[in-house]
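Pasting target22.cif here (mmCIF, C-alpha atoms and all ligand atoms):
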data_structure
loop_
_atom_site.label_atom_id
_atom_site.label_comp_id
_atom_site.auth_asym_id
_atom_site.auth_seq_id
_atom_site.Cartn_x
_atom_site.Cartn_y
_atom_site.Cartn_z
CA MET A 115 -9.08 21.09 -19.35
CA THR A 116 -6.70 21.87 -16.49
CA HIS A 117 -2.93 22.00 -16.90
CA ILE A 118 -0.10 21.81 -14.38
CA LEU A 119 3.58 22.17 -15.28
CA VAL A 120 6.22 20.97 -12.85
CA LYS A 121 9.35 22.82 -13.96
CA GLY A 122 13.03 21.97 -13.73
CA ALA A 123 12.96 19.01 -11.32
CA ILE A 124 15.06 15.86 -11.13
CA VAL A 125 12.60 13.27 -12.38
CA VAL A 126 13.08 9.74 -11.08
CA ALA A 127 10.85 8.11 -13.67
CA MET A 128 10.88 4.46 -12.49
CA ASP A 129 10.37 3.50 -16.14
CA ASP A 130 11.85 0.48 -17.92
CA GLN A 131 15.03 2.45 -18.72
CA LYS A 132 15.36 3.40 -15.02
CA ARG A 133 15.80 7.02 -16.09
CA VAL A 134 16.78 9.79 -13.68
CA ILE A 135 16.32 13.00 -15.69
CA PRO A 136 17.86 16.25 -14.41
CA ASN A 137 16.27 19.66 -15.11
CA CYS A 138 13.12 18.02 -16.42
CA ASP A 139 9.56 19.32 -16.84
CA VAL A 140 6.36 17.33 -16.41
CA LEU A 141 3.17 18.56 -18.06
CA ILE A 142 -0.11 17.31 -16.60
CA GLU A 143 -3.41 17.59 -18.47
CA ASP A 144 -6.47 16.80 -16.36
CA ASP A 145 -5.77 13.43 -14.70
CA ARG A 146 -2.91 12.32 -16.98
CA ILE A 147 0.76 12.98 -17.59
CA LYS A 148 0.82 14.65 -20.99
CA ALA A 149 4.57 15.09 -21.51
CA VAL A 150 7.89 14.51 -19.74
CA GLY A 151 11.10 16.24 -20.84
CA ASN A 152 12.38 19.66 -21.70
CA THR A 153 9.66 22.32 -22.09
CA GLY A 154 11.32 23.37 -25.33
CA ASN A 155 10.27 20.03 -26.80
CA PHE A 156 6.50 20.33 -26.28
CA ASN A 157 3.73 22.91 -26.34
CA VAL A 158 2.70 24.37 -23.01
CA PRO A 159 -0.86 25.74 -22.94
CA PRO A 160 -1.19 29.36 -21.71
CA ASP A 161 -3.55 28.50 -18.81
CA VAL A 162 -0.96 26.29 -17.10
CA GLU A 163 -0.36 26.35 -13.32
CA GLU A 164 3.41 26.23 -12.79
CA ILE A 165 5.07 24.48 -9.86
CA ASP A 166 8.76 25.21 -9.35
CA GLY A 167 10.70 21.97 -9.30
CA SER A 168 14.18 23.35 -8.81
CA ARG A 169 16.10 21.55 -6.04
CA LYS A 170 13.29 19.00 -5.95
CA ALA A 171 13.00 15.39 -6.98
CA VAL A 172 9.83 14.13 -8.65
CA LEU A 173 8.88 10.51 -8.04
CA PRO A 174 5.81 8.47 -8.93
CA GLY A 175 3.48 8.58 -5.90
CA LEU A 176 4.40 5.86 -3.41
CA ILE A 177 2.05 2.89 -3.19
CA ASN A 178 1.41 1.38 0.22
CA GLY A 179 0.77 -2.20 -0.88
CA HIS A 180 -0.71 -3.51 2.36
CA THR A 181 -2.31 -1.70 5.24
CA HIS A 182 -5.30 -1.53 7.54
CA ALA A 183 -5.68 2.24 7.51
CA ALA A 184 -8.13 2.63 10.39
CA MET A 185 -5.71 0.84 12.71
CA THR A 186 -4.10 4.24 13.19
CA LEU A 187 -6.62 4.37 16.09
CA PHE A 188 -4.62 1.55 17.80
CA ARG A 189 -1.23 3.22 17.36
CA GLY A 190 0.75 2.72 20.56
CA TYR A 191 -2.07 0.76 22.23
CA ALA A 192 -0.49 -2.71 22.18
CA ASP A 193 3.22 -3.11 21.61
CA ASP A 194 6.01 -5.57 22.22
CA LEU A 195 3.83 -8.69 21.96
CA ALA A 196 3.87 -11.78 19.69
CA LEU A 197 1.39 -11.73 16.79
CA ASP A 198 -0.89 -14.37 18.27
CA GLU A 199 -1.14 -12.75 21.70
CA TRP A 200 -1.27 -9.27 20.16
CA LEU A 201 -4.25 -10.24 18.00
CA LYS A 202 -6.15 -12.34 20.53
CA THR A 203 -5.76 -10.27 23.70
CA LYS A 204 -5.51 -6.73 22.33
CA ILE A 205 -6.54 -6.16 18.73
CA TRP A 206 -9.51 -8.50 18.15
CA PRO A 207 -11.35 -7.44 21.36
CA LEU A 208 -11.08 -3.79 20.25
CA GLU A 209 -12.06 -4.64 16.69
CA ALA A 210 -15.20 -6.34 18.03
CA MET A 211 -16.26 -2.87 19.29
CA ILE A 212 -15.24 -0.77 16.30
CA ASN A 213 -18.02 1.00 14.35
CA ALA A 214 -18.33 2.66 10.95
CA ASP A 215 -17.67 6.15 12.32
CA ASP A 216 -14.45 4.96 14.02
CA VAL A 217 -13.27 3.42 10.74
CA TYR A 218 -14.00 6.61 8.81
CA TRP A 219 -11.97 8.80 11.19
CA GLY A 220 -9.15 6.25 11.57
CA THR A 221 -8.90 6.02 7.79
CA MET A 222 -8.95 9.80 7.43
CA LEU A 223 -6.07 10.05 9.92
CA ALA A 224 -4.17 7.43 7.93
CA ILE A 225 -4.79 9.32 4.69
CA VAL A 226 -3.48 12.56 6.21
CA GLU A 227 -0.33 10.73 7.32
CA MET A 228 0.09 8.93 4.00
CA LEU A 229 -0.39 12.02 1.81
CA LYS A 230 2.06 13.99 3.97
CA GLY A 231 4.57 11.19 3.45
CA GLY A 232 4.17 10.93 -0.32
CA THR A 233 1.84 7.92 -0.49
CA THR A 234 -0.73 8.47 -3.23
CA CYS A 235 -2.34 5.02 -3.28
CA PHE A 236 -2.87 2.27 -0.72
CA ALA A 237 -4.22 -1.28 -0.58
CA ASP A 238 -6.52 -1.48 2.39
CA MET A 239 -8.18 -4.41 4.12
CA TYR A 240 -10.54 -3.63 6.97
CA PHE A 241 -14.14 -3.54 8.16
CA TYR A 242 -16.81 -1.10 6.89
CA ALA A 243 -15.49 -0.82 3.33
CA ASP A 244 -18.11 1.83 2.46
CA ASP A 245 -16.73 4.16 5.12
CA ILE A 246 -13.13 3.56 3.97
CA ALA A 247 -14.34 4.44 0.46
CA ARG A 248 -16.02 7.61 1.75
CA ALA A 249 -12.71 8.80 3.27
CA VAL A 250 -10.83 7.95 0.06
CA ASP A 251 -13.42 9.70 -2.07
CA GLU A 252 -13.43 12.90 0.00
CA SER A 253 -9.65 13.14 0.35
CA GLY A 254 -8.72 12.61 -3.30
CA ILE A 255 -6.25 9.76 -2.64
CA ARG A 256 -6.33 6.50 -4.65
CA ALA A 257 -7.01 3.10 -3.06
CA SER A 258 -7.72 -0.57 -3.54
CA ILE A 259 -10.25 -1.51 -0.86
CA CYS A 260 -11.66 -4.72 0.57
CA GLY A 261 -13.66 -5.64 3.62
CA ALA A 262 -11.82 -8.29 5.68
CA LEU A 263 -13.52 -11.69 5.28
CA LEU A 264 -12.95 -14.00 8.24
CA GLY A 265 -14.69 -17.26 7.41
CA THR A 266 -14.61 -18.36 11.04
CA LEU A 267 -16.87 -15.47 12.21
CA PRO A 268 -20.63 -16.04 12.66
CA THR A 269 -21.19 -13.09 10.29
CA ALA A 270 -19.11 -14.70 7.48
CA GLY A 271 -22.06 -15.23 5.10
CA LYS A 272 -23.39 -11.71 5.47
CA ASP A 273 -19.87 -10.23 5.22
CA LEU A 274 -19.38 -12.00 1.89
CA GLU A 275 -22.74 -10.73 0.57
CA ASP A 276 -21.67 -7.24 1.60
CA ALA A 277 -18.30 -7.66 -0.14
CA ILE A 278 -20.03 -8.79 -3.35
CA ARG A 279 -22.31 -5.75 -3.22
CA PHE A 280 -19.29 -3.45 -2.67
CA VAL A 281 -17.32 -4.96 -5.57
CA LYS A 282 -20.38 -4.70 -7.86
CA GLU A 283 -20.82 -1.06 -6.93
CA TYR A 284 -17.30 -0.14 -8.11
CA LYS A 285 -17.10 -2.53 -11.05
CA ASN A 286 -16.85 -0.56 -14.31
CA LYS A 287 -16.99 2.71 -12.37
CA ASP A 288 -14.41 5.31 -13.40
CA SER A 289 -13.10 5.92 -9.91
CA ARG A 290 -9.94 6.25 -7.85
CA ILE A 291 -11.27 3.28 -5.91
CA THR A 292 -10.68 -0.34 -6.95
CA ALA A 293 -12.86 -2.80 -5.05
CA VAL A 294 -11.40 -6.26 -4.39
CA PHE A 295 -12.12 -9.29 -2.20
CA GLY A 296 -10.26 -9.65 1.11
CA PRO A 297 -10.18 -13.20 2.51
CA HIS A 298 -8.17 -12.45 5.66
CA ALA A 299 -5.93 -15.54 5.55
CA LEU A 300 -5.91 -19.25 4.83
CA TYR A 301 -6.00 -20.05 8.57
CA THR A 302 -9.12 -17.94 9.16
CA CYS A 303 -11.08 -19.11 6.08
CA THR A 304 -12.17 -22.68 5.26
CA ILE A 305 -11.74 -24.01 1.72
CA ASP A 306 -15.53 -23.90 1.28
CA HIS A 307 -15.62 -20.23 2.16
CA LEU A 308 -12.62 -19.51 -0.09
CA LYS A 309 -14.38 -21.33 -2.95
CA LYS A 310 -17.31 -18.92 -2.70
CA ILE A 311 -14.95 -15.93 -2.63
CA ALA A 312 -12.96 -17.22 -5.63
CA ALA A 313 -16.15 -17.87 -7.62
CA SER A 314 -17.41 -14.31 -6.95
CA ALA A 315 -14.02 -12.80 -7.76
CA LYS A 316 -13.90 -14.69 -11.08
CA GLU A 317 -17.46 -13.77 -11.97
CA LEU A 318 -16.92 -10.08 -11.23
CA GLY A 319 -13.35 -9.86 -12.59
CA ALA A 320 -12.10 -8.70 -9.20
CA ARG A 321 -8.76 -9.27 -7.53
CA VAL A 322 -8.03 -10.76 -4.12
CA HIS A 323 -5.98 -9.31 -1.24
CA LEU A 324 -4.94 -11.68 1.55
CA HIS A 325 -2.31 -12.36 4.22
CA LEU A 326 -0.04 -15.28 3.31
CA LEU A 327 2.51 -17.17 5.41
CA GLU A 328 3.30 -14.31 7.77
CA THR A 329 4.58 -16.41 10.67
CA LYS A 330 6.43 -19.68 11.19
CA ASN A 331 3.33 -21.33 12.68
CA GLU A 332 0.91 -20.26 10.00
CA ARG A 333 1.50 -23.29 7.77
CA GLN A 334 0.50 -25.67 10.56
CA ASP A 335 -2.55 -23.50 11.40
CA ILE A 336 -3.65 -23.70 7.76
CA VAL A 337 -3.19 -27.48 7.76
CA ALA A 338 -5.09 -27.73 11.08
CA LEU A 339 -8.11 -25.84 9.66
CA ASN A 340 -8.08 -27.08 6.08
CA GLY A 341 -6.11 -30.34 6.15
CA LYS A 342 -3.97 -29.12 3.26
CA GLN A 343 -0.82 -27.16 2.47
CA PRO A 344 -1.30 -23.41 1.72
CA PHE A 345 -0.89 -23.63 -2.05
CA GLU A 346 -3.14 -26.71 -2.19
CA VAL A 347 -5.77 -24.58 -0.45
CA LEU A 348 -5.21 -21.74 -2.95
CA SER A 349 -5.43 -24.16 -5.87
CA GLU A 350 -8.39 -26.23 -4.68
CA SER A 351 -10.46 -23.15 -3.77
CA GLY A 352 -9.91 -21.65 -7.22
CA LEU A 353 -8.13 -18.62 -5.80
CA LEU A 354 -5.01 -19.29 -7.88
CA GLU A 355 -7.06 -18.49 -10.99
CA VAL A 356 -7.60 -14.96 -9.66
CA PRO A 357 -4.91 -12.24 -9.38
CA ILE A 358 -3.69 -12.24 -5.77
CA LEU A 359 -1.97 -9.61 -3.63
CA ALA A 360 -0.24 -11.71 -0.96
CA ALA A 361 0.82 -9.60 2.00
CA HIS A 362 3.94 -10.70 3.93
CA SER A 363 4.73 -13.92 1.95
CA ILE A 364 7.60 -14.79 4.28
CA TYR A 365 7.57 -18.59 4.48
CA LEU A 366 7.07 -19.66 0.85
CA THR A 367 9.07 -22.69 -0.26
CA GLU A 368 10.94 -22.61 -3.55
CA GLU A 369 8.25 -24.75 -5.21
CA GLU A 370 5.57 -22.39 -3.90
CA LEU A 371 7.46 -19.41 -5.34
CA GLU A 372 7.47 -21.17 -8.71
CA ILE A 373 3.70 -21.63 -8.48
CA ALA A 374 3.31 -17.96 -7.49
CA LYS A 375 5.32 -16.97 -10.53
CA ALA A 376 3.31 -19.19 -12.87
CA HIS A 377 0.14 -17.52 -11.60
CA ASP A 378 -0.71 -13.89 -10.93
CA LEU A 379 0.38 -13.78 -7.28
CA THR A 380 2.37 -10.73 -6.18
CA PRO A 381 3.96 -10.70 -2.73
CA VAL A 382 3.90 -7.47 -0.76
CA HIS A 383 6.88 -7.07 1.52
CA THR A 384 6.20 -5.53 4.95
CA PRO A 385 9.57 -5.31 6.73
CA GLY A 386 8.56 -2.87 9.51
CA SER A 387 5.64 -4.94 10.74
CA ASN A 388 7.58 -8.21 10.33
CA LEU A 389 10.43 -6.82 12.44
CA LYS A 390 8.15 -5.45 15.16
CA LEU A 391 6.11 -8.66 15.51
CA ALA A 392 9.29 -10.76 15.07
CA SER A 393 7.54 -12.64 12.27
CA GLY A 394 10.63 -13.17 10.15
CA ILE A 395 12.35 -11.76 7.05
CA ALA A 396 10.70 -12.34 3.69
CA PRO A 397 13.10 -13.87 1.11
CA VAL A 398 12.98 -10.90 -1.25
CA TRP A 399 16.25 -12.03 -2.91
CA ARG A 400 14.50 -15.31 -3.80
CA TYR A 401 11.58 -13.41 -5.32
CA ASP A 402 14.17 -11.65 -7.45
CA GLU A 403 15.72 -14.95 -8.54
CA ALA A 404 12.25 -16.17 -9.47
CA GLY A 405 11.71 -12.98 -11.49
CA ILE A 406 9.01 -11.62 -9.18
CA THR A 407 8.94 -7.92 -8.27
CA ALA A 408 7.26 -7.49 -4.91
CA GLY A 409 5.25 -4.56 -3.65
CA LEU A 410 5.99 -2.83 -0.35
CA GLY A 411 3.61 -2.03 2.50
CA THR A 412 3.55 -0.70 6.04
CA ASP A 413 0.78 -2.97 7.36
CA GLY A 414 -1.46 -1.31 9.95
CA ALA A 415 -0.15 1.42 12.24
CA ALA A 416 -0.60 -0.85 15.28
CA SER A 417 2.24 -3.07 14.11
CA ASN A 418 4.66 -0.57 12.54
CA ASN A 419 3.79 2.08 14.08
CA ASN A 420 3.63 4.60 11.23
CA LEU A 421 2.68 4.65 7.57
CA ASP A 422 5.96 6.14 6.32
CA MET A 423 6.85 4.48 3.00
CA PHE A 424 10.30 6.12 2.94
CA GLU A 425 11.10 4.36 6.20
CA GLU A 426 9.69 1.13 4.77
CA ALA A 427 11.85 1.44 1.64
CA ARG A 428 14.91 2.02 3.81
CA LEU A 429 14.10 -1.03 5.95
CA ALA A 430 13.62 -3.10 2.79
CA ALA A 431 17.03 -1.97 1.54
CA LEU A 432 18.72 -2.69 4.90
CA ILE A 433 17.39 -5.87 6.46
CA HIS A 434 18.27 -8.26 3.64
CA LYS A 435 21.85 -7.05 3.62
CA VAL A 436 22.44 -8.04 7.22
CA ASP A 437 20.22 -11.12 7.04
CA ARG A 438 22.28 -12.57 4.18
CA PHE A 439 25.59 -10.83 5.03
CA ASP A 440 25.46 -9.35 1.53
CA PRO A 441 25.47 -5.53 1.15
CA THR A 442 24.65 -5.81 -2.56
CA LEU A 443 21.14 -7.13 -1.90
CA VAL A 444 18.11 -4.82 -2.49
CA SER A 445 19.67 -1.67 -3.92
CA ALA A 446 18.16 1.79 -3.42
CA HIS A 447 16.63 1.54 -6.90
CA GLU A 448 15.11 -1.87 -6.12
CA ALA A 449 13.61 -0.55 -2.87
CA LEU A 450 12.04 2.37 -4.78
CA GLU A 451 10.81 -0.07 -7.40
CA MET A 452 8.92 -2.05 -4.76
CA ALA A 453 7.42 1.19 -3.39
CA THR A 454 6.22 2.32 -6.83
CA ARG A 455 5.81 -0.03 -9.79
CA GLY A 456 5.95 -3.21 -7.69
CA GLY A 457 2.99 -1.91 -5.69
CA ALA A 458 1.17 -0.92 -8.88
CA LYS A 459 1.58 -4.48 -10.16
CA ALA A 460 0.33 -5.97 -6.87
CA LEU A 461 -2.79 -3.78 -7.07
CA GLY A 462 -3.33 -4.54 -10.76
CA LEU A 463 -2.89 -0.84 -11.62
CA ASP A 464 0.48 -1.04 -13.41
CA ASP A 465 -1.05 0.18 -16.67
CA ARG A 466 -1.83 3.57 -15.05
CA ILE A 467 0.35 4.25 -11.97
CA GLY A 468 3.84 3.55 -10.62
CA ARG A 469 5.86 5.27 -13.38
CA ILE A 470 6.29 8.82 -14.65
CA GLU A 471 5.57 8.45 -18.32
CA GLU A 472 3.38 10.07 -20.91
CA GLY A 473 -0.17 8.73 -20.73
CA MET A 474 0.07 7.48 -17.13
CA LYS A 475 -2.23 8.84 -14.43
CA ALA A 476 -0.81 12.01 -12.86
CA ASP A 477 0.06 10.57 -9.43
CA LEU A 478 3.38 12.11 -8.46
CA ILE A 479 5.20 13.57 -5.49
CA MET A 480 7.90 16.17 -5.03
CA ILE A 481 10.69 15.84 -2.48
CA ASP A 482 12.54 18.91 -1.24
CA LEU A 483 16.23 18.10 -1.73
CA ASP A 484 17.40 21.43 -0.29
CA LYS A 485 18.10 19.92 3.14
CA PRO A 486 21.33 19.27 5.03
CA HIS A 487 20.65 15.53 5.27
CA LEU A 488 20.09 15.35 1.48
CA THR A 489 23.28 17.27 0.55
CA PRO A 490 25.34 16.65 -1.58
CA LEU A 491 23.50 14.84 -4.34
CA HIS A 492 25.81 12.23 -5.82
CA ASP A 493 22.96 9.77 -6.34
CA VAL A 494 19.38 10.96 -5.94
CA GLU A 495 17.94 7.44 -5.53
CA ALA A 496 20.43 6.65 -2.76
CA ASN A 497 19.53 9.91 -0.99
CA LEU A 498 15.80 9.18 -1.28
CA VAL A 499 16.11 5.69 0.21
CA TYR A 500 18.95 6.03 2.73
CA SER A 501 18.62 9.68 3.83
CA ALA A 502 15.13 11.05 3.15
CA SER A 503 12.00 10.72 5.23
CA ALA A 504 8.27 11.40 4.87
CA ALA A 505 8.78 14.94 6.16
CA ASP A 506 10.82 15.85 3.06
CA VAL A 507 7.81 15.49 0.74
CA SER A 508 6.69 18.98 -0.27
CA ASP A 509 3.95 18.48 -2.88
CA VAL A 510 1.58 15.67 -3.78
CA ILE A 511 -0.53 15.29 -6.92
CA VAL A 512 -3.09 12.52 -7.33
CA ASP A 513 -5.21 12.03 -10.44
CA GLY A 514 -3.98 15.43 -11.66
CA LYS A 515 -5.12 17.28 -8.52
CA VAL A 516 -2.74 18.97 -6.09
CA LEU A 517 -3.57 17.39 -2.71
CA MET A 518 -0.58 18.90 -0.89
CA ARG A 519 1.17 22.15 -1.73
CA ASN A 520 4.27 23.12 0.31
CA ARG A 521 3.22 20.59 2.97
CA GLU A 522 -0.31 22.05 3.28
CA LEU A 523 -3.11 19.62 2.48
CA THR A 524 -5.71 21.09 0.13
CA THR A 525 -8.68 18.75 0.64
CA ILE A 526 -8.48 17.85 4.34
CA ASP A 527 -8.45 19.91 7.55
CA GLU A 528 -5.47 18.14 9.10
CA GLU A 529 -5.92 19.61 12.61
CA ALA A 530 -9.61 18.69 12.75
CA VAL A 531 -8.91 15.11 11.64
CA MET A 532 -6.20 14.63 14.28
CA ARG A 533 -8.45 15.96 17.07
CA LYS A 534 -11.45 13.88 16.01
CA ALA A 535 -9.42 10.68 15.50
CA ALA A 536 -7.80 11.05 18.93
CA GLU A 537 -11.27 11.49 20.49
CA VAL A 538 -12.71 8.48 18.68
CA ALA A 539 -9.68 6.30 19.65
CA LYS A 540 -10.04 7.25 23.32
CA ASP A 541 -13.72 6.42 23.28
CA LEU A 542 -13.08 3.06 21.52
CA VAL A 543 -10.60 1.97 24.19
CA LYS A 544 -13.11 2.91 26.92
CA ARG A 545 -15.82 0.79 25.28
CA ASN A 546 -13.59 -2.29 25.62
ZN ZN B 601 -2.01 -7.00 7.58
#
For this file, write the structure as structure tokens.
Ligand SMILES: [Zn+2]
Amino acid sequence: MTHILVKGAIVVAMDDQKRVIPNCDVLIEDDRIKAVGNTGNFNVPPDVEEIDGSRKAVLPGLINGHTHAAMTLFRGYADDLALDEWLKTKIWPLEAMINADDVYWGTMLAIVEMLKGGTTCFADMYFYADDIARAVDESGIRASICGALLGTLPTAGKDLEDAIRFVKEYKNKDSRITAVFGPHALYTCTIDHLKKIAASAKELGARVHLHLLETKNERQDIVALNGKQPFEVLSESGLLEVPILAAHSIYLTEEELEIAKAHDLTPVHTPGSNLKLASGIAPVWRYDEAGITAGLGTDGAASNNNLDMFEEARLAALIHKVDRFDPTLVSAHEALEMATRGGAKALGLDDRIGRIEEGMKADLIMIDLDKPHLTPLHDVEANLVYSASAADVSDVIVDGKVLMRNRELTTIDEEAVMRKAAEVAKDLVKRN
């Protein structure tokens, strides 16, 4: 058994009691949190590796609830365009050229960026799921992965077969990887195609990750393809009987929110991407009224353009205030909740990650508070959301393994990944 003891930190537990515990120790045994509290209150084995937590905050690892990791390769390639034009003239032509090796290196680059910014788990939707999984496996990060299923592509049938094979491979496997189904959206998949996906998801006990009502026009695009309203499509295809992670979820009506609540549909809020593509502002305050805790995600790096979950939490805490002229909306704690336990719920992993509690998986991050912009410390949660950034994360532990120590990654050669990813991205653009 391996043991790690984080000593004397301020633990922001994100538990039901919303505890912030000063001068607190966290004992990790193998992949689990064994004890949280004062060392005097529990036995510490002699072989323990100690990590000094003084002047540091400990948070559950951040969960990026919606991204397309390999799109780091498109960072800065197509900006300041509307979603439709951005996709059709810039992104889809490049994606038609992308190969498995590109996806592996783009994902690796994303993982380097995410780990350095305190993200310990991400929900990914992209092509070449096996190569995404390879990057996740090698790096030590945790992920929920699906291949994007676009029912309108000529390869739709084969892509679904591939997705079924991928989900079967990870079903019942004790792994940091959760395999799910990824119907891209209700305007790119016919009801017939969605029926097949829903049937497979039900049969294999897998979840579904999709884009839902991201833009104002999407509803009419869904009606144009399927002749039905979005939630009629979800219901008729059988998807509503499966747990759904619904990225964006901006234009849901009040009745649709009620249906979401009555089923297992968790919205994932993506303020950075929604602002950049001028898609709109998701009604997070209405989710709250409906008793729904959303997750939080960056979306791909081409529409953000980074994977910084601290920035995303800050955006989530800011935009609703000005949108509704109400500074009490989305508090610092609520923004952190979306970035931790809300994400865990959206990924179906809330029984093991998203909180610092005995028995949970040891996915936690340490933030160096000994910085001018984080001084003084009246309220640690306010400092984390309104003042901190990804660069303040000092240490990262996933599944009980230290993946970053004093900002040095332990499983990945950061320099080599950056060089290789830049090379691959340059070559990809040339192929277009
Ligand atoms: Zn997306």
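Our summary of the geometry notes that CA of Ile259 in chain A is positioned 25.2 Å from CA of Leu389 in chain A.
All residues, whether protein, DNA or RNA, that have an atom at most 8 Å from ligand ZN 601 (chain B) (counting all atoms listed in the file) are His180, Thr181, His182, Met239, His325, Ala361, His362, Asp413 and Gly414 of chain A.
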Closest contacts (range 304-350 of chain A/range 289-296 of chain A, max 6 Å, all atoms listed in the file) as a tab-separated table:
residue	atom	partner	partner_atom	distance
A:Ala320	CA	A:Val294	CA	5.4
A:Arg321	CA	A:Val294	CA	5.1
A:Val322	CA	A:Phe295	CA	4.8
A:His323	CA	A:Gly296	CA	4.9
A:Leu324	CA	A:Gly296	CA	5.7
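Nearest to Trp200 in chain A of all the residues A:Leu391, A:Leu432, A:Leu141, A:Val134 is A:Leu391, counting only C-alpha atoms.
Between CA of Thr116 in chain A and CA of Asp509 in chain A the interatomic distance comes to 17.6 Å.
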> CA of Val125 in chain A and CA of Cys138 in chain A are how many Å apart?
Replying inline: 6.3 Å
> Between A:Gly254, A:Pro207, A:Gly154, A:Gly122, which has the minimum distance to Val172 in chain A (counting only C-alpha atoms)?
Replying inline: A:Gly122
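Minimum distance to Lys485 in chain A across A:Gly457, A:Glu332, A:Arg169, A:Ala446 (counting all atoms listed in the file) occurs at A:Arg169.
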> Around (12.3, -4.4, 1.6) in the file's own coordinates, what residues are found within 10 Å if you use all atoms listed in the file, given back as a PyMOL selection string?
Replying inline: chain A and resi 382-386+395-399+408-411+425-434+443-446+448-450+452-453
> Smallest atom-to-atom distance to Ile255 in chain A: which of A:Leu208, A:Ala360, A:Met474, A:Ile177, using only C-alpha atoms?
Replying inline: A:Ile177
>> From the options A:Asn388, A:Ala262, A:Glu451, A:Lys285, which residue's atoms come nearest to Glu495 in chain A, counting only C-alpha atoms?
In response: A:Glu451
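Near Cys235 in chain A, within a cut-off of 9 Å and counting all atoms listed in the file, sit the residues Gly175, Leu176, Ile177, Asn178, Gly179, Met228, Leu229, Ile255, Arg256, Ala257, Ser258, Arg290, Ala458, Asp477 and Val512 of chain A, with same-chain residues fewer than 4 positions away left out.
Proximity to Leu187 in chain A was assessed for A:Asp244, A:Asp216, A:Asp161, A:Glu529 counting only C-alpha atoms; the smallest distance is recorded for A:Asp216.
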>> Can you tell me which residues surround Leu264 in chain A at a distance of at most 8 Å, considering only C-alpha atoms, apart from same-chain residues fewer than 4 positions away, and format the answer as a ChimeraX atom specification?
In response: /A:270,297-299,302-303
Exercise on range 254-262 of chain A, axis-aligned box with 8 Å per side, report centre and edge lengths in Å to one decimal, as lines of an AutoDock Vina configuration file:
center_x = -10.0
center_y = 2.2
center_z = 0.5
size_x = 23.4
size_y = 36.9
size_z = 26.3
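Near Ala476 in chain A, within 9 Å and counting only C-alpha atoms, sit Ile142, Glu143, Asp144, Asp145, Arg146, Ile147, Lys148, Pro174, Gly175, Arg466, Ile467, Ile470, Ile511, Val512, Asp513, Gly514 and Lys515 of chain A, not including residues fewer than 5 positions from it in the same chain.
If you count all atoms listed in the file and ignore residues fewer than 3 places along the chain from Ile526 in chain A, what sits within 9 Å of it is Met222, Val226, Glu252, Ser253, Leu517, Leu523, Glu529, Ala530 and Val531 of chain A.
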>> Please list as a count of residues only every residue within 6 Å of Ile124 in chain A, counting all atoms listed in the file and excluding residues in the same chain fewer than 6 positions away.
In response: 4
Reconstruct range 224-234 of chain A at the level of N, CA and C atoms, and format the result as a CSV table (one decimal), keeping the file's coordinate frame.
chain,number,residue,atom,x,y,z
A,224,ALA,N,-5.2,8.2,8.7
A,224,ALA,CA,-4.2,7.4,7.9
A,224,ALA,C,-3.9,8.2,6.6
A,225,ILE,N,-5.0,8.7,6.0
A,225,ILE,CA,-4.8,9.3,4.7
A,225,ILE,C,-4.0,10.6,4.9
A,226,VAL,N,-4.3,11.3,5.9
A,226,VAL,CA,-3.5,12.6,6.2
A,226,VAL,C,-2.0,12.2,6.3
A,227,GLU,N,-1.7,11.1,7.1
A,227,GLU,CA,-0.3,10.7,7.3
A,227,GLU,C,0.3,10.3,6.0
A,228,MET,N,-0.5,9.5,5.2
A,228,MET,CA,0.1,8.9,4.0
A,228,MET,C,0.4,10.0,3.0
A,229,LEU,N,-0.6,10.9,2.8
A,229,LEU,CA,-0.4,12.0,1.8
A,229,LEU,C,0.8,12.9,2.2
A,230,LYS,N,0.9,13.2,3.5
A,230,LYS,CA,2.1,14.0,4.0
A,230,LYS,C,3.4,13.3,3.8
A,231,GLY,N,3.3,12.0,3.7
A,231,GLY,CA,4.6,11.2,3.4
A,231,GLY,C,4.7,10.7,2.0
A,232,GLY,N,3.9,11.2,1.1
A,232,GLY,CA,4.2,10.9,-0.3
A,232,GLY,C,3.5,9.7,-0.8
A,233,THR,N,2.6,9.1,0.0
A,233,THR,CA,1.8,7.9,-0.5
A,233,THR,C,0.6,8.4,-1.2
A,234,THR,N,0.4,8.0,-2.4
A,234,THR,CA,-0.7,8.5,-3.2
A,234,THR,C,-1.8,7.4,-3.5
